[in-house]
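Participant: I'm passing along structure-v9.cif; it holds mmCIF, C-alpha atoms (C1' of nucleotides).
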data_run
loop_
_atom_site.label_atom_id
_atom_site.label_comp_id
_atom_site.auth_asym_id
_atom_site.auth_seq_id
_atom_site.Cartn_x
_atom_site.Cartn_y
_atom_site.Cartn_z
CA MET A 37 119.18 100.13 136.25
CA SER A 38 122.43 100.33 134.35
CA HIS A 39 125.85 99.15 135.45
CA PHE A 40 128.56 101.81 135.35
CA GLN A 41 132.22 101.02 136.00
CA VAL A 42 134.81 103.79 136.00
CA ALA A 43 138.55 103.74 136.68
CA THR A 44 141.52 106.07 136.97
CA PHE A 45 145.20 105.42 136.25
CA ASN A 46 148.36 107.53 136.23
CA ALA A 47 150.19 105.86 133.33
CA ASN A 48 153.50 107.73 133.55
CA SER A 49 153.79 107.52 129.73
CA ILE A 50 150.83 106.04 127.82
CA ARG A 51 153.20 104.79 125.13
CA VAL A 52 155.36 102.76 127.51
CA ARG A 53 152.27 101.51 129.36
CA LEU A 54 150.23 100.75 126.21
CA PRO A 55 150.37 96.91 126.51
CA GLN A 56 149.48 97.12 130.22
CA VAL A 57 146.54 99.46 129.62
CA LEU A 58 145.17 97.48 126.66
CA ALA A 59 145.39 94.22 128.61
CA TRP A 60 143.72 95.83 131.62
CA LEU A 61 140.87 97.26 129.54
CA GLU A 62 140.33 93.88 127.90
CA ARG A 63 140.23 92.11 131.28
CA VAL A 64 138.15 94.58 133.31
CA GLN A 65 135.95 96.09 130.56
CA PRO A 66 135.21 99.42 132.28
CA ASP A 67 132.81 101.94 130.81
CA LEU A 68 135.35 104.71 131.26
CA LEU A 69 139.04 104.95 132.13
CA GLY A 70 140.65 108.29 132.99
CA VAL A 71 144.40 108.44 132.39
CA GLN A 72 146.89 110.98 133.68
CA GLU A 73 150.53 111.68 132.81
CA THR A 74 150.22 110.41 129.25
CA LYS A 75 153.42 112.33 128.50
CA VAL A 76 152.75 112.54 124.79
CA GLN A 77 151.85 115.18 122.23
CA ASP A 78 148.49 114.65 120.54
CA LYS A 79 150.08 113.81 117.18
CA ASP A 80 151.93 110.90 118.79
CA PHE A 81 149.10 109.53 120.99
CA PRO A 82 148.54 105.81 120.23
CA ARG A 83 144.94 106.44 119.18
CA GLU A 84 144.69 103.60 116.69
CA ALA A 85 145.84 100.97 119.17
CA PHE A 86 142.82 101.78 121.35
CA GLU A 87 140.39 102.22 118.48
CA ASP A 88 141.46 98.93 116.90
CA ALA A 89 140.62 97.27 120.22
CA GLY A 90 137.16 98.84 120.16
CA TRP A 91 137.68 101.80 122.49
CA HIS A 92 136.97 105.49 121.99
CA VAL A 93 139.59 107.98 123.12
CA ALA A 94 139.87 111.69 123.79
CA PHE A 95 143.16 113.21 124.86
CA ARG A 96 145.13 116.39 125.32
CA GLY A 97 148.85 116.24 125.88
CA GLN A 98 152.14 118.04 125.59
CA LYS A 99 155.78 117.15 125.21
CA SER A 100 157.34 115.33 128.16
CA TYR A 101 154.97 116.28 130.97
CA ASN A 102 151.33 116.00 132.04
CA GLY A 103 148.65 114.91 129.57
CA VAL A 104 145.18 113.47 130.24
CA ALA A 105 143.03 111.01 128.31
CA LEU A 106 139.57 109.47 128.53
CA ILE A 107 139.09 105.95 127.18
CA SER A 108 135.52 104.77 126.77
CA ARG A 109 133.57 101.76 125.53
CA GLU A 110 130.84 103.98 124.09
CA PRO A 111 131.55 107.02 121.91
CA LEU A 112 132.45 110.00 124.08
CA ASP A 113 130.22 113.03 124.00
CA HIS A 114 131.92 116.38 123.82
CA VAL A 115 135.08 116.41 125.93
CA HIS A 116 136.26 119.75 127.29
CA PHE A 117 139.89 120.19 128.30
CA GLY A 118 141.04 122.66 130.93
CA PHE A 119 139.29 125.14 133.19
CA ASP A 120 136.69 127.61 131.91
CA ASP A 121 139.43 130.13 131.05
CA GLY A 122 141.16 127.45 128.97
CA SER A 123 144.07 127.03 131.36
CA HIS A 124 145.65 123.65 132.17
CA PRO A 125 144.15 121.70 129.23
CA THR A 126 146.67 118.88 129.74
CA ARG A 127 145.69 118.45 133.40
CA LEU A 128 141.89 118.47 133.29
CA ALA A 129 139.30 116.73 131.11
CA ARG A 130 135.52 116.99 131.44
CA THR A 131 132.72 115.04 129.84
CA GLU A 132 129.30 113.52 130.49
CA ILE A 133 128.62 109.82 130.23
CA LYS A 134 125.46 107.92 131.18
CA GLY A 135 124.14 111.10 132.77
CA VAL A 136 127.20 111.42 135.02
CA HIS A 137 129.30 114.60 134.87
CA VAL A 138 132.93 113.47 134.93
CA LEU A 139 136.10 115.40 135.76
CA CYS A 140 139.47 113.75 135.27
CA SER A 141 142.48 115.61 136.56
CA TYR A 142 146.19 115.47 137.19
CA VAL A 143 146.63 117.88 140.08
CA PRO A 144 149.99 119.73 140.17
CA GLN A 145 152.37 117.95 142.53
CA GLY A 146 153.88 121.11 144.04
CA LYS A 147 157.56 120.12 144.37
CA THR A 148 158.16 121.26 147.99
CA ILE A 149 156.03 123.10 150.54
CA ASP A 150 158.25 126.21 150.32
CA HIS A 151 158.09 126.26 146.50
CA GLU A 152 155.75 128.59 144.63
CA ASP A 153 154.38 125.55 142.80
CA TYR A 154 152.88 124.38 146.10
CA GLN A 155 150.83 127.58 146.30
CA LEU A 156 149.83 126.97 142.66
CA LYS A 157 148.66 123.50 143.71
CA LEU A 158 146.48 124.94 146.50
CA ARG A 159 144.99 127.52 144.13
CA TRP A 160 144.48 124.79 141.52
CA LEU A 161 142.32 122.89 144.00
CA ASP A 162 140.38 126.11 144.69
CA GLY A 163 139.80 126.19 140.94
CA ILE A 164 138.17 122.75 141.07
CA ARG A 165 135.84 123.99 143.83
CA ASP A 166 134.97 127.03 141.69
CA LEU A 167 134.34 124.78 138.69
CA LEU A 168 132.02 122.55 140.71
CA GLU A 169 130.09 125.54 142.06
CA THR A 170 129.81 127.12 138.61
CA HIS A 171 128.55 124.09 136.71
CA PHE A 172 126.87 121.72 139.16
CA THR A 173 125.03 121.31 142.41
CA PRO A 174 125.73 118.61 145.03
CA GLN A 175 122.41 117.04 143.99
CA ASP A 176 123.75 116.33 140.49
CA LEU A 177 125.56 113.13 139.52
CA VAL A 178 129.17 114.38 139.54
CA LEU A 179 132.38 112.32 139.63
CA TRP A 180 135.90 113.75 140.05
CA MET A 181 138.71 111.29 139.55
CA GLY A 182 142.42 111.28 138.93
CA ASP A 183 145.85 111.61 140.43
CA LEU A 184 144.96 114.29 142.98
CA ASN A 185 148.44 114.22 144.56
CA VAL A 186 146.94 114.26 148.06
CA ALA A 187 146.88 111.52 150.68
CA PRO A 188 143.81 112.64 152.67
CA GLU A 189 144.41 110.88 156.00
CA PRO A 190 147.31 109.37 157.96
CA ILE A 191 146.04 105.89 157.06
CA ASP A 192 146.51 106.82 153.38
CA ILE A 193 150.32 106.96 153.55
CA TYR A 194 153.11 104.91 155.09
CA ASP A 195 155.02 106.75 157.82
CA PRO A 196 152.65 109.73 158.10
CA LYS A 197 154.86 111.37 160.76
CA GLY A 198 157.77 111.35 158.34
CA HIS A 199 155.73 113.01 155.58
CA GLU A 200 154.14 115.96 157.39
CA ASP A 201 156.17 118.37 155.25
CA HIS A 202 155.55 116.53 151.98
CA VAL A 203 153.46 118.34 149.35
CA ASP A 204 151.09 115.35 149.09
CA PHE A 205 150.42 115.12 152.84
CA HIS A 206 151.10 118.57 154.33
CA VAL A 207 148.27 119.93 156.49
CA ASP A 208 147.46 122.77 154.05
CA VAL A 209 146.88 120.51 151.04
CA ARG A 210 144.87 118.02 153.07
CA GLN A 211 142.68 120.85 154.37
CA LYS A 212 142.34 122.19 150.84
CA LEU A 213 141.13 118.84 149.50
CA ALA A 214 138.72 118.62 152.45
CA TYR A 215 137.46 122.10 151.52
CA VAL A 216 136.78 121.00 147.94
CA CYS A 217 135.01 117.89 149.21
CA SER A 218 132.93 119.96 151.64
CA TRP A 219 131.08 121.23 148.58
CA GLY A 220 129.52 117.78 148.47
CA LEU A 221 131.91 115.03 147.41
CA VAL A 222 132.39 111.60 148.97
CA ASP A 223 135.54 109.44 148.70
CA VAL A 224 133.94 106.37 147.15
CA PHE A 225 136.87 104.09 148.02
CA ARG A 226 136.63 105.05 151.72
CA ARG A 227 132.87 104.58 151.60
CA HIS A 228 133.46 100.90 150.91
CA HIS A 229 136.65 100.50 152.97
CA PRO A 230 136.21 102.80 155.98
CA LYS A 231 139.23 103.28 158.24
CA GLU A 232 141.22 100.44 156.64
CA PRO A 233 144.92 101.40 156.53
CA GLY A 234 147.42 100.20 153.96
CA HIS A 235 145.39 100.68 150.76
CA TYR A 236 147.71 102.46 148.36
CA THR A 237 147.61 103.49 144.67
CA TYR A 238 151.19 104.76 144.30
CA TRP A 239 154.64 103.51 145.22
CA ASP A 240 157.78 105.60 144.70
CA TYR A 241 160.11 104.07 142.13
CA ARG A 242 163.05 105.28 144.19
CA ALA A 243 162.30 103.13 147.22
CA LYS A 244 164.22 99.86 147.20
CA ASN A 245 161.25 97.51 147.35
CA PRO A 246 158.25 99.77 147.96
CA LEU A 247 155.47 97.26 147.28
CA VAL A 248 157.01 94.58 149.53
CA GLU A 249 157.89 97.09 152.24
CA GLY A 250 154.43 98.66 152.07
CA LYS A 251 155.85 102.08 151.24
CA GLY A 252 152.80 103.36 149.40
CA TRP A 253 150.50 106.32 149.13
CA ARG A 254 146.77 106.63 148.34
CA VAL A 255 146.85 109.74 146.16
CA ASP A 256 144.57 108.62 143.30
CA HIS A 257 140.89 109.07 144.02
CA ILE A 258 137.32 108.81 142.77
CA LEU A 259 135.14 111.39 144.52
CA VAL A 260 131.40 111.57 143.90
CA THR A 261 128.36 113.56 144.96
CA GLU A 262 125.98 111.99 147.48
CA PRO A 263 123.34 110.89 144.94
CA LEU A 264 126.07 109.02 143.07
CA ALA A 265 127.59 107.65 146.28
CA GLU A 266 124.19 106.16 147.13
CA ARG A 267 124.33 104.35 143.79
CA SER A 268 127.90 103.05 144.29
CA THR A 269 128.23 99.27 144.63
CA GLY A 270 131.98 98.91 145.18
CA ALA A 271 135.46 100.38 144.90
CA TRP A 272 138.80 98.60 144.66
CA ILE A 273 142.47 99.17 143.93
CA ASP A 274 143.84 96.77 141.32
CA VAL A 275 147.22 95.94 142.85
CA ASP A 276 147.46 92.86 140.59
CA ALA A 277 147.73 95.21 137.60
CA ARG A 278 151.25 95.95 138.81
CA MET A 279 152.28 92.46 137.68
CA ALA A 280 152.80 94.02 134.23
CA GLU A 281 156.23 93.83 132.63
CA ARG A 282 156.83 97.56 133.05
CA PRO A 283 154.35 98.73 135.70
CA SER A 284 153.69 102.38 136.34
CA ASP A 285 154.49 103.78 139.78
CA HIS A 286 150.68 104.09 140.17
CA THR A 287 147.99 101.47 139.73
CA PHE A 288 144.32 101.38 138.73
CA LEU A 289 141.52 102.52 141.05
CA VAL A 290 138.04 101.27 140.10
CA ALA A 291 134.51 102.14 141.21
CA THR A 292 131.20 100.56 140.23
CA PHE A 293 127.70 102.02 140.28
CA GLU A 294 124.12 101.03 139.50
CA LEU A 295 122.56 104.05 137.84
"C1'" DA B 35 172.37 108.59 153.39
"C1'" DT B 36 169.63 115.53 150.78
"C1'" DG B 37 170.42 109.35 148.06
"C1'" DG B 38 167.34 106.20 145.29
"C1'" DT B 39 164.55 105.12 139.73
"C1'" DA B 40 161.71 106.01 135.67
"C1'" DG B 41 160.36 108.79 131.71
"C1'" DT B 42 161.12 112.23 128.21
"C1'" DA B 43 164.36 113.45 125.14
"C1'" DA B 44 168.77 114.46 124.39
"C1'" DA B 45 170.82 117.91 129.25
"C1'" DA B 46 167.91 118.61 132.75
"C1'" DC B 47 163.54 118.49 134.60
"C1'" DT B 48 159.62 116.20 136.95
"C1'" DA B 49 157.80 112.99 140.11
#
Please express what this file holds, its structure, as structure tokens.
Facilitator:
Amino acid sequence: MSHFQVATFNANSIRVRLPQVLAWLERVQPDLLGVQETKVQDKDFPREAFEDAGWHVAFRGQKSYNGVALISREPLDHVHFGFDDGSHPTRLARTEIKGVHVLCSYVPQGKTIDHEDYQLKLRWLDGIRDLLETHFTPQDLVLWMGDLNVAPEPIDIYDPKGHEDHVDFHVDVRQKLAYVCSWGLVDVFRRHHPKEPGHYTYWDYRAKNPLVEGKGWRVDHILVTEPLAERSTGAWIDVDARMAERPSDHTFLVATFEL
DNA sequence: ATGGTAGTAAAACTA
């Protein structure tokens, strides 16, 4: 039996959030952290800051937008960025660690439901289903984590009635995520906190006092195949991590397993 | 209230 702790975090600039991320890694000591929205070109990624602290990093970014990174205690095996056709390398990272196949993604947000980017988002999620079907079976140990930009259920967002036309809660995107999960993925946070409302991973900067007013969204997820779900021992959202000096609009989601 | 704030990067775009 081997302990395995994995986490996901939308940093909204890895350079601005560097002290917060380093402190969090030091405190929690996960095996693997997936980061989205690093917002930095590879030449400017703060690689040495992580390596000096004893972490291994793999990243793929671009100027201003997107960017994903994997931060690991053990050296990372080969990390593949993007889909099989090479598209979206700054939104998707894949690797294998401790026998677990890991996907880390920053799903396109979609802007508005009448925007063409929303259709791109739906097709993007189809692409994840295709990727899963191509490379794995539901009997494998597979973990998909990241900012998926979908609140799956009404309990995963404040004021669900008021957000029915929002790209992160619209019926089409929720059905699309359900379709991907119907391949054989379980929401590991919900497995440990069934039907509990008010657990959020994201709060809009533009709200006056979103954390206090409870104006949050659960759009960051760790989804796993059934054999991995059976080995999961807990899942939690680290709201305390938002006590940082310059917190991201998202916070850390953590899951633990006994492999 | 079609606003609000944060980040990048240098005006406007994204979330």
Participant: Once the PyMOL selection byres ((chain B) within 7 of (chain A)) has been evaluated on this model, what residues remain selected, and can you format them as a list in words?
Facilitator: DG38, DT39, DA40, DG41 and DT42 of chain B
Participant: When the PyMOL selection byres ((chain A and resi 173-181) around 8) is applied to the file above, which residues end up in the set, as an NGL selection string?
Facilitator: :A and (44 or 70 or 135-141 or 168-169 or 171-172 or 182-184 or 219-221 or 256-264)
Participant: So that I can see what lies close to segment 77-81 of chain A, please list as an mmCIF file with C-alpha atoms, in the frame of the given file the residues with an atom at most 9 Å from it, counting only C-alpha atoms (C1' of nucleotides) and leaving out residues fewer than 5 positions away in the same chain.
Facilitator:
data_model
loop_
_atom_site.group_PDB
_atom_site.id
_atom_site.type_symbol
_atom_site.label_atom_id
_atom_site.label_comp_id
_atom_site.auth_asym_id
_atom_site.auth_seq_id
_atom_site.Cartn_x
_atom_site.Cartn_y
_atom_site.Cartn_z
ATOM 1 C CA ILE A 50 150.830 106.040 127.820
ATOM 2 C CA ARG A 51 153.200 104.790 125.130
ATOM 3 C CA PHE A 95 143.160 113.210 124.860
ATOM 4 C CA ARG A 96 145.130 116.390 125.320
ATOM 5 C CA GLY A 97 148.850 116.240 125.880
ATOM 6 C CA GLN A 98 152.140 118.040 125.590
ATOM 7 C CA LYS A 99 155.780 117.150 125.210
ATOM 8 C CA SER A 100 157.340 115.330 128.160
ATOM 9 C CA GLY A 103 148.650 114.910 129.570
#
Participant: How many Å lie between atom CA of Val203 of chain A and atom CA of Ala47 of chain A, rounded to one decimal?
Facilitator: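 Interatomic distance here is 20.6 Å.
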Participant: Give as a PyMOL selection string each residue that has an atom at most 12 Å from (158.2, 101.1, 149.6) in the file, counting only C-alpha atoms (C1' of nucleotides).
Facilitator: (chain A and resi 193-195+234+236-253+285) or (chain B and resi 38)
Participant: Could you pull the residues within 7 Å of segment 187-190 of chain A, counting all atoms listed in the file, minus those fewer than 5 positions along the same chain, as an NGL selection string?
Facilitator: :A and (196 or 204-205 or 210 or 253-255)
Participant: Evaluate the PyMOL selection byres ((chain A and resi 272-275) around 6) on the structure here and hand back the selected residues as a list of chain:residue names.
Facilitator: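 When the PyMOL selection byres ((chain A and resi 272-275) around 6) is applied to the shown file, the picked residues are A:Ala271, A:Asp276, A:Ala277, A:Arg278, A:Phe288, A:Leu289, A:Val290.
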Participant: Could you save those same residues with C-alpha atoms as a compact mmCIF listing (two decimals), keeping the file's coordinate frame?
Facilitator:
# COMPACT_ATOMS: atom_id res chain seq x y z
CA ALA A 271 135.46 100.38 144.90
CA ASP A 276 147.46 92.86 140.59
CA ALA A 277 147.73 95.21 137.60
CA ARG A 278 151.25 95.95 138.81
CA PHE A 288 144.32 101.38 138.73
CA LEU A 289 141.52 102.52 141.05
CA VAL A 290 138.04 101.27 140.10
Participant: What does the distance from atom CA of Glu294 of chain A to atom CA of Phe119 of chain A come to in Å, to one decimal?
Facilitator: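 Between atom CA of Glu294 of chain A and atom CA of Phe119 of chain A the gap is 29.2 Å.
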